[in-house]
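Below is model.txt, holding compact mmCIF, C-alpha atoms.
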```
# COMPACT_ATOMS: atom_id res chain seq x y z
CA MET L 748 -22.86 -14.77 -24.06
CA VAL L 749 -19.19 -13.67 -23.87
CA SER L 750 -18.01 -12.55 -20.45
CA ASP L 751 -16.02 -9.35 -20.03
CA PRO L 752 -12.50 -10.34 -18.89
CA ARG L 753 -12.06 -7.02 -17.07
CA ALA L 754 -15.25 -7.54 -15.08
CA THR L 755 -14.17 -11.08 -14.26
CA ALA L 756 -10.79 -9.82 -13.03
CA LEU L 757 -12.45 -7.13 -10.89
CA ARG L 758 -14.76 -9.69 -9.27
CA SER L 759 -11.77 -11.94 -8.60
CA ASP L 760 -9.82 -9.05 -7.03
CA LEU L 761 -12.85 -8.11 -4.90
CA ARG L 762 -13.22 -11.68 -3.59
CA SER L 763 -9.50 -11.75 -2.84
CA ASP L 764 -9.66 -8.41 -0.98
CA THR L 765 -12.67 -9.61 1.00
CA ARG L 766 -10.92 -12.84 2.04
CA ARG L 767 -7.81 -10.89 3.02
CA THR L 768 -9.77 -8.50 5.29
CA HIS L 769 -11.36 -11.48 7.07
CA ALA L 770 -7.98 -13.15 7.58
CA VAL L 771 -6.47 -9.96 8.97
CA ARG L 772 -9.45 -9.31 11.24
CA ASP L 773 -9.54 -12.88 12.58
CA ALA L 774 -5.83 -12.73 13.41
CA ALA L 775 -6.08 -9.30 15.01
CA MET L 776 -9.13 -10.13 17.12
CA SER L 777 -7.66 -13.46 18.27
CA GLY L 778 -4.26 -11.95 18.97
CA SER L 779 -2.52 -14.66 16.96
CA GLY L 780 -0.58 -12.25 14.75
CA ALA L 781 -0.51 -14.89 12.05
CA THR L 782 -0.90 -12.34 9.26
CA SER L 783 0.10 -8.75 8.67
CA GLY L 784 -2.02 -6.22 10.52
CA PRO L 785 -4.75 -4.01 9.07
CA ARG L 786 -4.12 -0.73 7.30
CA SER L 787 -2.84 1.87 9.76
CA LEU L 788 -6.06 3.94 9.68
CA ILE L 789 -8.10 0.78 10.33
CA GLY L 790 -5.80 -0.27 13.16
CA ASP L 791 -6.05 3.21 14.70
CA SER L 792 -9.84 3.08 14.43
CA TRP L 793 -10.04 -0.36 16.03
CA ARG L 794 -7.98 0.90 18.99
CA ARG L 795 -10.31 3.87 19.42
CA VAL L 796 -13.37 1.64 19.23
CA ARG L 797 -11.97 -0.79 21.79
CA ALA L 798 -11.48 2.19 24.11
CA HIS L 799 -15.26 2.79 23.85
CA GLY L 800 -15.82 -0.74 25.14
CA LEU L 801 -17.54 -2.10 22.01
CA ASP L 802 -17.63 -5.87 21.56
CA PRO L 803 -16.33 -6.89 18.11
CA SER L 804 -18.44 -10.02 18.13
CA GLY L 805 -21.65 -8.17 18.82
CA ALA L 806 -24.23 -6.40 16.69
CA PRO L 807 -24.39 -2.77 17.87
CA GLU L 808 -27.86 -1.39 18.37
CA VAL L 809 -28.45 2.34 18.64
CA ALA L 810 -31.98 3.68 18.88
CA PRO L 811 -32.69 6.07 15.99
CA LEU L 812 -34.20 9.49 16.46
CA SER L 813 -37.95 9.86 16.44
CA GLN L 814 -39.43 10.84 13.10
CA SER L 815 -40.15 14.36 14.36
CA ASP L 816 -36.58 14.83 15.63
CA LEU L 817 -35.18 13.46 12.37
CA GLN L 818 -37.34 15.84 10.35
CA ALA L 819 -36.20 18.76 12.49
CA ARG L 820 -32.55 17.88 11.83
CA ARG L 821 -33.23 17.65 8.12
CA GLU L 822 -34.81 21.08 8.13
CA ARG L 823 -31.84 22.61 9.98
CA SER L 824 -29.19 20.92 7.85
CA GLN L 825 -27.27 22.92 5.25
CA LEU L 826 -27.12 19.68 3.26
CA ARG L 827 -30.83 19.74 2.50
CA ASP L 828 -30.31 22.06 -0.48
CA LEU L 829 -27.46 19.87 -1.74
CA LEU L 830 -29.49 16.66 -1.77
CA PRO L 831 -30.75 17.03 -5.38
CA GLN L 832 -27.18 17.43 -6.64
CA LEU L 833 -25.92 14.47 -4.61
CA ARG L 834 -28.77 12.36 -5.97
CA GLU L 835 -27.91 13.38 -9.52
CA HIS L 836 -24.25 12.43 -9.16
CA LEU L 837 -24.50 9.31 -7.00
CA ARG L 838 -27.91 7.63 -7.26
CA PRO L 839 -27.36 6.20 -10.79
CA ALA L 840 -24.04 4.65 -9.78
CA GLY L 841 -25.47 3.42 -6.49
CA ASP L 842 -28.49 1.86 -8.14
CA ALA L 843 -26.32 0.18 -10.79
CA ALA L 844 -24.02 -1.29 -8.14
CA GLY L 845 -26.75 -2.24 -5.68
CA GLN L 846 -25.70 0.34 -3.10
CA ALA L 847 -27.52 2.97 -1.06
CA LEU L 848 -26.84 6.69 -1.04
CA VAL L 849 -26.55 7.92 2.55
CA VAL L 850 -26.10 11.48 3.86
CA SER L 851 -25.35 12.09 7.53
CA ASP L 852 -24.91 15.23 9.58
CA ALA L 853 -21.66 16.20 11.31
CA GLU L 854 -22.62 14.08 14.33
CA GLY L 855 -23.01 10.94 12.24
CA ARG L 856 -26.81 10.89 12.34
CA VAL L 857 -28.23 9.47 9.13
CA LEU L 858 -30.43 12.18 7.62
CA TRP L 859 -31.24 10.58 4.27
CA ARG L 860 -30.85 7.05 2.94
CA GLU L 861 -31.99 6.13 -0.54
CA GLY L 862 -31.59 2.95 -2.57
CA SER L 863 -33.26 -0.11 -4.01
CA THR L 864 -35.63 -2.24 -1.98
CA ALA L 865 -33.04 -5.03 -1.69
CA VAL L 866 -30.22 -2.88 -0.31
CA SER L 867 -32.65 -0.98 1.93
CA ARG L 868 -33.80 -4.22 3.53
CA TYR L 869 -30.20 -5.23 4.18
CA ALA L 870 -29.42 -1.80 5.68
CA ASP L 871 -32.53 -2.06 7.88
CA ARG L 872 -31.22 -5.32 9.37
CA LEU L 873 -27.99 -3.52 10.33
CA GLY L 874 -29.91 -0.66 11.93
CA PHE L 875 -28.55 1.62 9.21
CA VAL L 876 -31.71 3.72 9.10
CA GLY L 877 -32.74 7.36 9.12
CA GLY L 878 -31.93 8.92 12.48
CA SER L 879 -29.41 6.27 13.54
CA ALA L 880 -26.02 7.43 14.88
CA TRP L 881 -23.34 5.90 12.68
CA THR L 882 -20.32 6.99 14.72
CA GLU L 883 -17.30 4.94 15.76
CA GLY L 884 -18.36 5.13 19.39
CA ASN L 885 -21.81 3.72 18.58
CA VAL L 886 -21.28 1.10 15.85
CA GLY L 887 -17.51 0.72 15.54
CA THR L 888 -15.27 1.29 12.53
CA ASN L 889 -17.32 2.34 9.50
CA ALA L 890 -16.90 4.79 6.65
CA ILE L 891 -19.18 7.54 8.02
CA GLY L 892 -17.92 7.44 11.61
CA THR L 893 -14.26 7.04 10.71
CA CYS L 894 -14.54 9.77 8.06
CA ILE L 895 -15.83 12.14 10.75
CA VAL L 896 -12.84 11.32 12.96
CA THR L 897 -10.15 11.59 10.28
CA GLY L 898 -11.75 14.36 8.23
CA SER L 899 -10.74 12.54 5.03
CA PRO L 900 -12.47 10.34 2.43
CA ILE L 901 -12.30 6.68 3.33
CA HIS L 902 -13.35 3.27 1.96
CA ILE L 903 -13.95 0.51 4.49
CA HIS L 904 -14.50 -2.92 3.04
CA ALA L 905 -15.88 -6.12 4.53
CA ALA L 906 -13.99 -7.26 7.66
CA GLU L 907 -12.28 -3.90 8.06
CA HIS L 908 -15.46 -3.10 9.98
CA PHE L 909 -15.04 -3.64 13.72
CA ALA L 910 -18.43 -5.22 14.40
CA GLN L 911 -18.81 -8.79 13.18
CA SER L 912 -22.34 -8.04 11.98
CA HIS L 913 -20.98 -5.41 9.56
CA THR L 914 -18.23 -7.50 7.96
CA ALA L 915 -20.43 -8.40 4.99
CA TRP L 916 -20.84 -4.69 4.18
CA THR L 917 -18.78 -2.19 2.18
CA CYS L 918 -18.92 1.60 2.34
CA ALA L 919 -17.14 4.64 0.94
CA ALA L 920 -17.62 8.10 2.44
CA ALA L 921 -16.30 11.63 2.00
CA PRO L 922 -16.68 14.65 4.29
CA LEU L 923 -18.74 17.64 3.21
CA LYS L 924 -17.11 20.78 4.62
CA ASP L 925 -18.08 24.42 4.57
CA PRO L 926 -15.40 25.83 2.22
CA VAL L 927 -15.55 29.21 3.98
CA THR L 928 -15.26 28.19 7.64
CA GLY L 929 -13.80 24.71 7.21
CA ARG L 930 -16.45 23.23 9.51
CA LEU L 931 -17.81 19.78 8.83
CA LEU L 932 -21.37 19.89 7.49
CA GLY L 933 -21.84 16.15 7.19
CA VAL L 934 -20.80 13.05 5.25
CA VAL L 935 -21.92 11.55 1.93
CA ASP L 936 -21.66 7.79 1.59
CA LEU L 937 -22.32 4.90 -0.78
CA SER L 938 -22.89 1.59 1.02
CA GLY L 939 -23.98 -1.92 0.19
CA PRO L 940 -23.20 -5.63 0.57
CA ALA L 941 -19.49 -6.45 0.28
CA ARG L 942 -20.00 -8.04 -3.15
CA THR L 943 -20.99 -4.58 -4.51
CA GLY L 944 -17.64 -3.00 -3.65
CA HIS L 945 -15.68 -1.26 -6.41
CA ALA L 946 -12.31 0.47 -6.50
CA ASN L 947 -13.79 3.59 -8.09
CA THR L 948 -16.54 4.17 -5.52
CA LEU L 949 -14.39 6.28 -3.22
CA SER L 950 -13.29 8.54 -6.08
CA LEU L 951 -16.90 8.98 -7.17
CA VAL L 952 -18.07 9.91 -3.68
CA THR L 953 -15.15 12.29 -3.19
CA VAL L 954 -15.81 14.13 -6.45
CA ALA L 955 -19.51 14.43 -5.59
CA ALA L 956 -18.60 15.93 -2.21
CA ARG L 957 -16.25 18.47 -3.80
CA LEU L 958 -18.92 19.52 -6.32
CA ALA L 959 -21.40 19.96 -3.47
CA GLU L 960 -18.89 22.12 -1.58
CA ALA L 961 -18.53 24.29 -4.68
CA GLU L 962 -22.31 24.85 -4.50
CA VAL L 963 -21.95 25.90 -0.86
CA ARG L 964 -19.24 28.39 -1.82
CA ALA L 965 -21.35 29.84 -4.65
CA ALA L 966 -24.37 30.23 -2.35
CA HIS L 967 -22.17 31.94 0.26
CA GLN L 968 -20.91 34.39 -2.35
CA ASP L 969 -24.49 35.22 -3.34
CA ARG L 970 -25.38 35.93 0.30
CA LEU L 971 -22.22 38.01 0.73
CA ASN L 972 -23.06 40.12 -2.32
CA ALA L 973 -26.62 40.66 -1.10
CA LEU L 974 -25.42 41.76 2.36
CA ARG L 975 -22.81 44.06 0.83
CA ALA L 976 -25.43 45.75 -1.36
CA PHE L 977 -27.67 46.32 1.68
CA ALA L 978 -24.96 47.32 4.18
CA SER L 979 -22.69 49.58 2.11
CA PRO L 980 -25.12 52.55 2.01
CA LEU L 981 -25.85 52.03 5.71
CA LEU L 982 -22.17 52.07 6.70
CA ALA L 983 -21.64 55.24 4.68
CA LYS L 984 -23.84 57.01 7.25
CA VAL L 985 -22.29 55.42 10.34
CA GLY L 986 -19.67 57.36 12.25
CA GLY L 987 -16.66 55.65 13.77
CA LYS L 988 -15.60 52.08 13.18
CA ALA L 989 -18.16 49.56 11.97
CA LEU L 990 -18.47 46.54 9.75
CA ALA L 991 -21.12 44.25 8.30
CA LEU L 992 -20.51 40.51 8.60
CA THR L 993 -22.25 37.39 7.38
CA PRO L 994 -23.26 34.95 10.16
CA ASP L 995 -20.00 33.03 9.61
CA GLY L 996 -17.93 36.19 10.12
CA THR L 997 -17.07 37.11 6.52
CA ALA L 998 -16.67 40.89 6.13
CA ALA L 999 -19.09 42.28 3.53
CA ALA L 1000 -18.49 46.00 4.13
CA VAL L 1001 -16.21 48.00 6.46
CA THR L 1002 -15.83 51.63 7.48
CA GLY L 1003 -13.31 53.35 9.73
CA LEU L 1004 -10.87 50.44 10.14
CA VAL L 1005 -8.88 47.84 8.30
CA ALA L 1006 -10.52 44.52 9.14
CA PRO L 1007 -9.58 40.98 8.15
CA THR L 1008 -11.78 39.24 5.61
CA GLN L 1009 -12.85 36.71 8.23
CA ILE L 1010 -13.62 37.33 11.91
CA ALA L 1011 -14.51 34.60 14.37
CA LEU L 1012 -17.83 35.49 15.98
CA PRO L 1013 -19.17 33.98 19.19
CA ASP L 1014 -20.95 30.68 18.60
CA ALA L 1015 -24.10 32.13 20.17
CA MET L 1016 -24.19 35.56 18.55
CA THR L 1017 -26.89 37.88 19.92
CA ALA L 1018 -27.79 41.52 19.61
CA GLY L 1019 -26.24 43.90 22.13
CA ASP L 1020 -22.75 44.49 23.49
CA GLN L 1021 -20.33 41.64 22.81
CA TRP L 1022 -16.63 41.10 23.18
CA VAL L 1023 -14.89 39.83 20.04
CA PRO L 1024 -11.17 39.28 20.65
CA ALA L 1025 -10.17 40.50 17.17
CA LEU L 1026 -12.10 43.77 17.62
CA GLY L 1027 -12.66 44.33 21.34
CA MET L 1028 -16.07 45.46 22.59
CA VAL L 1029 -18.68 45.83 19.86
CA ARG L 1030 -22.39 46.57 19.69
CA ALA L 1031 -24.10 43.99 17.49
CA GLU L 1032 -27.24 44.76 15.50
CA PRO L 1033 -28.96 42.23 13.24
CA LEU L 1034 -29.10 42.92 9.52
CA PRO L 1035 -30.90 40.97 6.80
CA GLY L 1036 -28.42 38.16 6.20
CA GLY L 1037 -25.86 39.14 8.81
CA TRP L 1038 -24.74 41.51 11.56
CA LEU L 1039 -23.71 45.13 11.93
CA LEU L 1040 -20.90 45.52 14.49
CA ARG L 1041 -20.05 48.97 15.86
CA VAL L 1042 -16.67 49.02 17.60
CA LEU L 1043 -17.01 50.63 21.05
CA GLU L 1044 -13.54 52.09 21.42
CA GLY L 1045 -14.25 54.00 24.62
CA ASP L 1046 -15.67 50.91 26.35
CA ALA L 1047 -12.89 48.51 25.42
CA PRO L 1048 -11.63 46.40 28.33
CA ASP L 1049 -8.24 47.10 29.83
CA PRO L 1050 -5.79 45.02 27.78
CA ASP L 1051 -3.80 44.27 30.92
CA SER L 1052 -6.80 42.86 32.80
CA ALA L 1053 -6.81 39.16 33.52
CA THR L 1054 -8.06 36.98 30.69
CA SER L 1055 -8.54 33.21 30.72
CA LEU L 1056 -8.48 30.79 27.82
CA LEU L 1057 -9.89 27.29 28.16
CA LEU L 1058 -8.88 24.89 25.38
CA ASP L 1059 -11.26 21.93 25.62
CA LEU L 1060 -10.11 18.90 23.61
CA SER L 1061 -12.19 16.38 25.54
CA ALA L 1062 -15.08 16.28 23.04
CA SER L 1063 -15.21 15.18 19.41
CA GLU L 1064 -14.97 18.83 18.29
CA PRO L 1065 -12.44 21.12 20.00
CA SER L 1066 -13.61 24.37 21.54
CA VAL L 1067 -12.06 27.52 22.97
CA GLU L 1068 -13.70 29.54 25.73
CA VAL L 1069 -12.26 32.99 26.40
CA THR L 1070 -13.25 34.95 29.49
CA GLY L 1071 -12.54 38.65 29.15
CA ALA L 1072 -13.04 41.64 31.38
CA SER L 1073 -16.79 41.75 30.84
CA SER L 1074 -17.94 38.73 28.85
CA VAL L 1075 -17.35 35.14 27.81
CA TRP L 1076 -16.65 34.22 24.19
CA THR L 1077 -16.68 30.71 22.73
CA HIS L 1078 -15.32 29.50 19.42
CA ARG L 1079 -14.77 26.19 17.65
CA PRO L 1080 -11.28 26.26 16.12
CA SER L 1081 -10.24 24.29 13.09
CA PRO L 1082 -8.25 21.09 13.81
CA ARG L 1083 -5.02 22.84 12.76
CA HIS L 1084 -5.68 25.81 15.06
CA ALA L 1085 -6.49 23.40 17.89
CA GLU L 1086 -3.07 21.78 17.35
CA ILE L 1087 -1.34 25.17 17.43
CA LEU L 1088 -3.14 26.21 20.61
CA LEU L 1089 -2.25 22.88 22.21
CA ALA L 1090 1.43 23.54 21.45
CA LEU L 1091 1.23 27.09 22.83
CA VAL L 1092 -0.60 26.07 26.00
CA ARG L 1093 2.04 23.40 26.65
CA HIS L 1094 4.91 25.81 25.94
CA ARG L 1095 4.05 29.07 27.69
CA ASP L 1096 7.54 30.43 27.04
CA GLY L 1097 6.70 30.41 23.35
CA ARG L 1098 7.62 28.61 20.13
CA SER L 1099 9.54 29.81 17.11
CA ALA L 1100 8.09 29.21 13.65
CA ALA L 1101 10.53 26.32 13.20
CA GLN L 1102 9.55 24.79 16.54
CA LEU L 1103 5.84 25.05 15.69
CA ALA L 1104 6.54 23.48 12.30
CA ASP L 1105 8.15 20.58 14.16
CA ASP L 1106 5.16 20.40 16.54
CA LEU L 1107 2.66 20.32 13.67
CA PHE L 1108 4.43 18.49 10.85
CA GLY L 1109 7.63 17.00 12.23
CA ASP L 1110 9.41 19.23 9.68
CA ARG L 1111 11.14 22.39 10.91
CA SER L 1112 11.38 23.77 7.36
CA ARG L 1113 7.61 24.39 6.98
CA THR L 1114 7.74 27.84 8.54
CA VAL L 1115 5.79 29.55 5.73
CA THR L 1116 2.76 27.38 6.47
CA VAL L 1117 3.10 28.05 10.19
CA ARG L 1118 3.25 31.82 9.72
CA ALA L 1119 0.15 31.77 7.51
CA GLU L 1120 -1.80 29.74 10.07
CA MET L 1121 -0.64 31.98 12.94
CA SER L 1122 -1.79 35.04 10.98
CA ARG L 1123 -5.26 33.48 10.65
CA LEU L 1124 -5.34 32.49 14.32
CA ARG L 1125 -4.36 35.99 15.45
CA ARG L 1126 -7.36 37.34 13.55
CA THR L 1127 -9.47 35.15 15.83
CA LEU L 1128 -7.78 35.73 19.20
CA GLY L 1129 -6.35 39.20 18.63
CA PRO L 1130 -4.01 40.48 21.38
CA MET L 1131 -4.19 37.20 23.29
CA LEU L 1132 -1.49 35.95 20.91
CA VAL L 1133 1.89 37.63 20.55
CA GLN L 1134 4.92 36.83 18.41
CA ARG L 1135 8.74 36.67 18.49
CA PRO L 1136 8.35 33.96 19.67
CA TYR L 1137 4.74 32.92 19.11
CA ARG L 1138 3.07 32.57 22.50
CA LEU L 1139 0.01 33.35 24.58
CA ALA L 1140 0.16 36.81 26.16
CA ASP L 1141 1.50 36.92 29.71
CA ASN L 1142 -1.85 38.04 31.15
CA VAL L 1143 -3.68 35.00 29.71
CA ASP L 1144 -4.47 32.25 32.19
CA ALA L 1145 -4.56 29.19 29.93
CA ARG L 1146 -6.12 25.87 30.86
CA LEU L 1147 -6.29 22.61 28.91
CA VAL L 1148 -8.92 19.86 29.13
CA LEU L 1149 -7.96 16.49 27.63
CA PRO L 1150 -10.14 13.43 26.99
CA ASP L 1151 -10.08 10.62 29.55
CA GLU L 1152 -8.98 8.21 26.82
CA PRO L 1153 -5.69 9.41 25.21
CA LEU L 1154 -6.54 7.87 21.82
CA GLU L 1155 -9.52 10.23 21.57
CA LEU L 1156 -7.30 13.34 21.61
CA LEU L 1157 -7.86 14.99 18.18
CA PRO L 1158 -8.08 11.48 16.67
CA GLY L 1159 -7.76 12.71 13.08
CA SER L 1160 -4.50 14.53 13.83
CA THR L 1161 -1.03 13.28 12.95
CA ALA L 1162 0.77 16.28 14.48
CA PRO L 1163 3.71 15.22 16.69
CA VAL L 1164 2.49 17.48 19.51
CA VAL L 1165 -0.72 15.41 19.54
CA THR L 1166 0.75 11.94 19.03
CA ALA L 1167 3.22 12.54 21.85
CA LEU L 1168 0.34 13.28 24.25
CA ARG L 1169 -1.60 10.22 23.07
CA ALA L 1170 1.39 8.08 23.97
```
Before anything else, please render the file you have as structure tokens.
Amino acid sequence: MVSDPRATALRSDLRSDTRRTHAVRDAAMSGSGATSGPRSLIGDSWRRVRAHGLDPSGAPEVAPLSQSDLQARRERSQLRDLLPQLREHLRPAGDAAGQALVVSDAEGRVLWREGSTAVSRYADRLGFVGGSAWTEGNVGTNAIGTCIVTGSPIHIHAAEHFAQSHTAWTCAAAPLKDPVTGRLLGVVDLSGPARTGHANTLSLVTVAARLAEAEVRAAHQDRLNALRAFASPLLAKVGGKALALTPDGTAAAVTGLVAPTQIALPDAMTAGDQWVPALGMVRAEPLPGGWLLRVLEGDAPDPDSATSLLLDLSASEPSVEVTGASSVWTHRPSPRHAEILLALVRHRDGRSAAQLADDLFGDRSRTVTVRAEMSRLRRTLGPMLVQRPYRLADNVDARLVLPDEPLELLPGSTAPVVTALRA
């Protein structure tokens, strides 16, 4: 039997990479500094994990969800309908390599894990089971947990894991995001013993995630078309200003006003009178597949009345709570919008487009990107944001909540306004 020289070279490179990760980890954990440090994203993750108080020499144990709770999460997950496609794209490669296909929710809870008996037994010994929480704070640096923090595809091999018990493991993960709202839906991952690692695994997982997101977009378009067909005749009979929105705030049909294509709705949308910053007071009525909002112009709150904005960055996902004249409105901003709001809360006198570009990118020339993002953010917060310069309106009482541990402030962000606060 003639061996394949390319396969032999790949195995040799894999063994070399594995030895290198162990040498780097041993030096870093002992503080000897005898070798170069880990990759920057691994070093950043290790610092975050240390802040959680995890012991690198231990074997983290996190109790999984009960079977009933796990099943309930599976039923609620938008990823359930994508599972057949993920299996089609990733199971053959995973089975051939001796790796498991894993899908988690946005909180890092393992919803599905599929693979051969051998790799499943190994994963069981690590506690990598359905319902387990595979976050950095629970089990240390790992592809799923670190992917959730950074929002980017990542491959973590062998001793790049923080926990000693995981250093014989390799994993590649990519985020699955809602292409309409940008929210994280979950993570798709291929994992197995370190000897099963391959340079192409991360690319394969990333492509599978992008194809799944395309399915989400297509399904959203189908729902939007169905709502538009139902709501358009209805709006033709409605007097005044009204619009039909999908649950994520996409406008399907509008009458009496020029509305943006996307409106941020309260996280807990209910029927009845609501305050939506981009529209003012509205009366919400449920429709099949969405909401009908009638703008109550005569009942709009006084624009000069006191309004408070609470930007909470203390949790893993940023949130904004706005208290208006007659109601409270909550919203989960994108990471970029959270960075912008952080800059505006810290600089109440306002920021020019060039200054915001410096805050976000460290590059004052990126004003076109800043203006586009501010336009999107103003659709969400309406008159609470003003321009020339960009700033929060004078009547807005803004408050900021930061995490106790500075390294946990928007950990996936590289914006200078964030890194300066971490320091």
Name the residues in contact with Ala920 of chain L at a cut-off of 6 Å, using only C-alpha atoms, excluding same-chain residues fewer than 4 positions from it; report them as a ChimeraX atom specification.
/L:890-891,900-901,935-936
Determine, counting all atoms listed in the file, which protein, DNA and RNA residues have an atom within 10 Å of an atom of Leu837 of chain L; residues of the same chain fewer than 2 positions away are not included. Present the result as a tab-separated table (two decimals) with C-alpha atoms, in the frame of the given file.
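Okay, this is what ended up in out-v7.tsv:
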```tsv
chain	number	residue	atom	x	y	z
L	832	GLN	CA	-27.18	17.43	-6.64
L	833	LEU	CA	-25.92	14.47	-4.61
L	834	ARG	CA	-28.77	12.36	-5.97
L	835	GLU	CA	-27.91	13.38	-9.52
L	839	PRO	CA	-27.36	6.20	-10.79
L	840	ALA	CA	-24.04	4.65	-9.78
L	841	GLY	CA	-25.47	3.42	-6.49
L	842	ASP	CA	-28.49	1.86	-8.14
L	846	GLN	CA	-25.70	0.34	-3.10
L	847	ALA	CA	-27.52	2.97	-1.06
L	848	LEU	CA	-26.84	6.69	-1.04
L	849	VAL	CA	-26.55	7.92	2.55
L	935	VAL	CA	-21.92	11.55	1.93
L	936	ASP	CA	-21.66	7.79	1.59
L	937	LEU	CA	-22.32	4.90	-0.78
L	948	THR	CA	-16.54	4.17	-5.52
L	951	LEU	CA	-16.90	8.98	-7.17
L	952	VAL	CA	-18.07	9.91	-3.68
L	954	VAL	CA	-15.81	14.13	-6.45
L	955	ALA	CA	-19.51	14.43	-5.59
```
So that I can check the surroundings of Leu1012 of chain L, please list as a PyMOL selection string every protein, DNA and RNA residue that reaches within 9 Å of it, counting all atoms listed in the file and ignoring chain neighbours fewer than 2 positions away.
chain L and resi 994-996+1010+1014-1016+1023-1024+1076-1078+1127
So that each row is one residue of segment 994-1084 of chain L with an atom at most 6 Å from segment 1145-1150 of chain L, can you give its shortest atom pair and the distance in Å to one decimal, using all atoms listed in the file, rows by chain and rising number, as a Markdown table?
```
| residue | atom | partner | partner_atom | distance |
| --- | --- | --- | --- | --- |
| L:Ser1055 | CA | L:Ala1145 | CA | 5.7 |
| L:Leu1056 | CA | L:Ala1145 | CA | 4.7 |
| L:Leu1057 | CA | L:Arg1146 | CA | 4.8 |
| L:Leu1058 | CA | L:Leu1147 | CA | 4.9 |
| L:Asp1059 | CA | L:Val1148 | CA | 4.7 |
| L:Leu1060 | CA | L:Leu1149 | CA | 5.2 |
| L:Ser1061 | CA | L:Pro1150 | CA | 3.9 |
```
Write a file of the selected residues as an mmCIF file, in the coordinates of the input, keeping C-alpha atoms.
```
data_model
loop_
_atom_site.group_PDB
_atom_site.id
_atom_site.type_symbol
_atom_site.label_atom_id
_atom_site.label_comp_id
_atom_site.auth_asym_id
_atom_site.auth_seq_id
_atom_site.Cartn_x
_atom_site.Cartn_y
_atom_site.Cartn_z
ATOM 1 C CA SER L 1055 -8.540 33.210 30.720
ATOM 2 C CA LEU L 1056 -8.480 30.790 27.820
ATOM 3 C CA LEU L 1057 -9.890 27.290 28.160
ATOM 4 C CA LEU L 1058 -8.880 24.890 25.380
ATOM 5 C CA ASP L 1059 -11.260 21.930 25.620
ATOM 6 C CA LEU L 1060 -10.110 18.900 23.610
ATOM 7 C CA SER L 1061 -12.190 16.380 25.540
#
```
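Note that atom CA of Thr997 of chain L and atom CA of Pro1080 of chain L are 15.6 Å apart.
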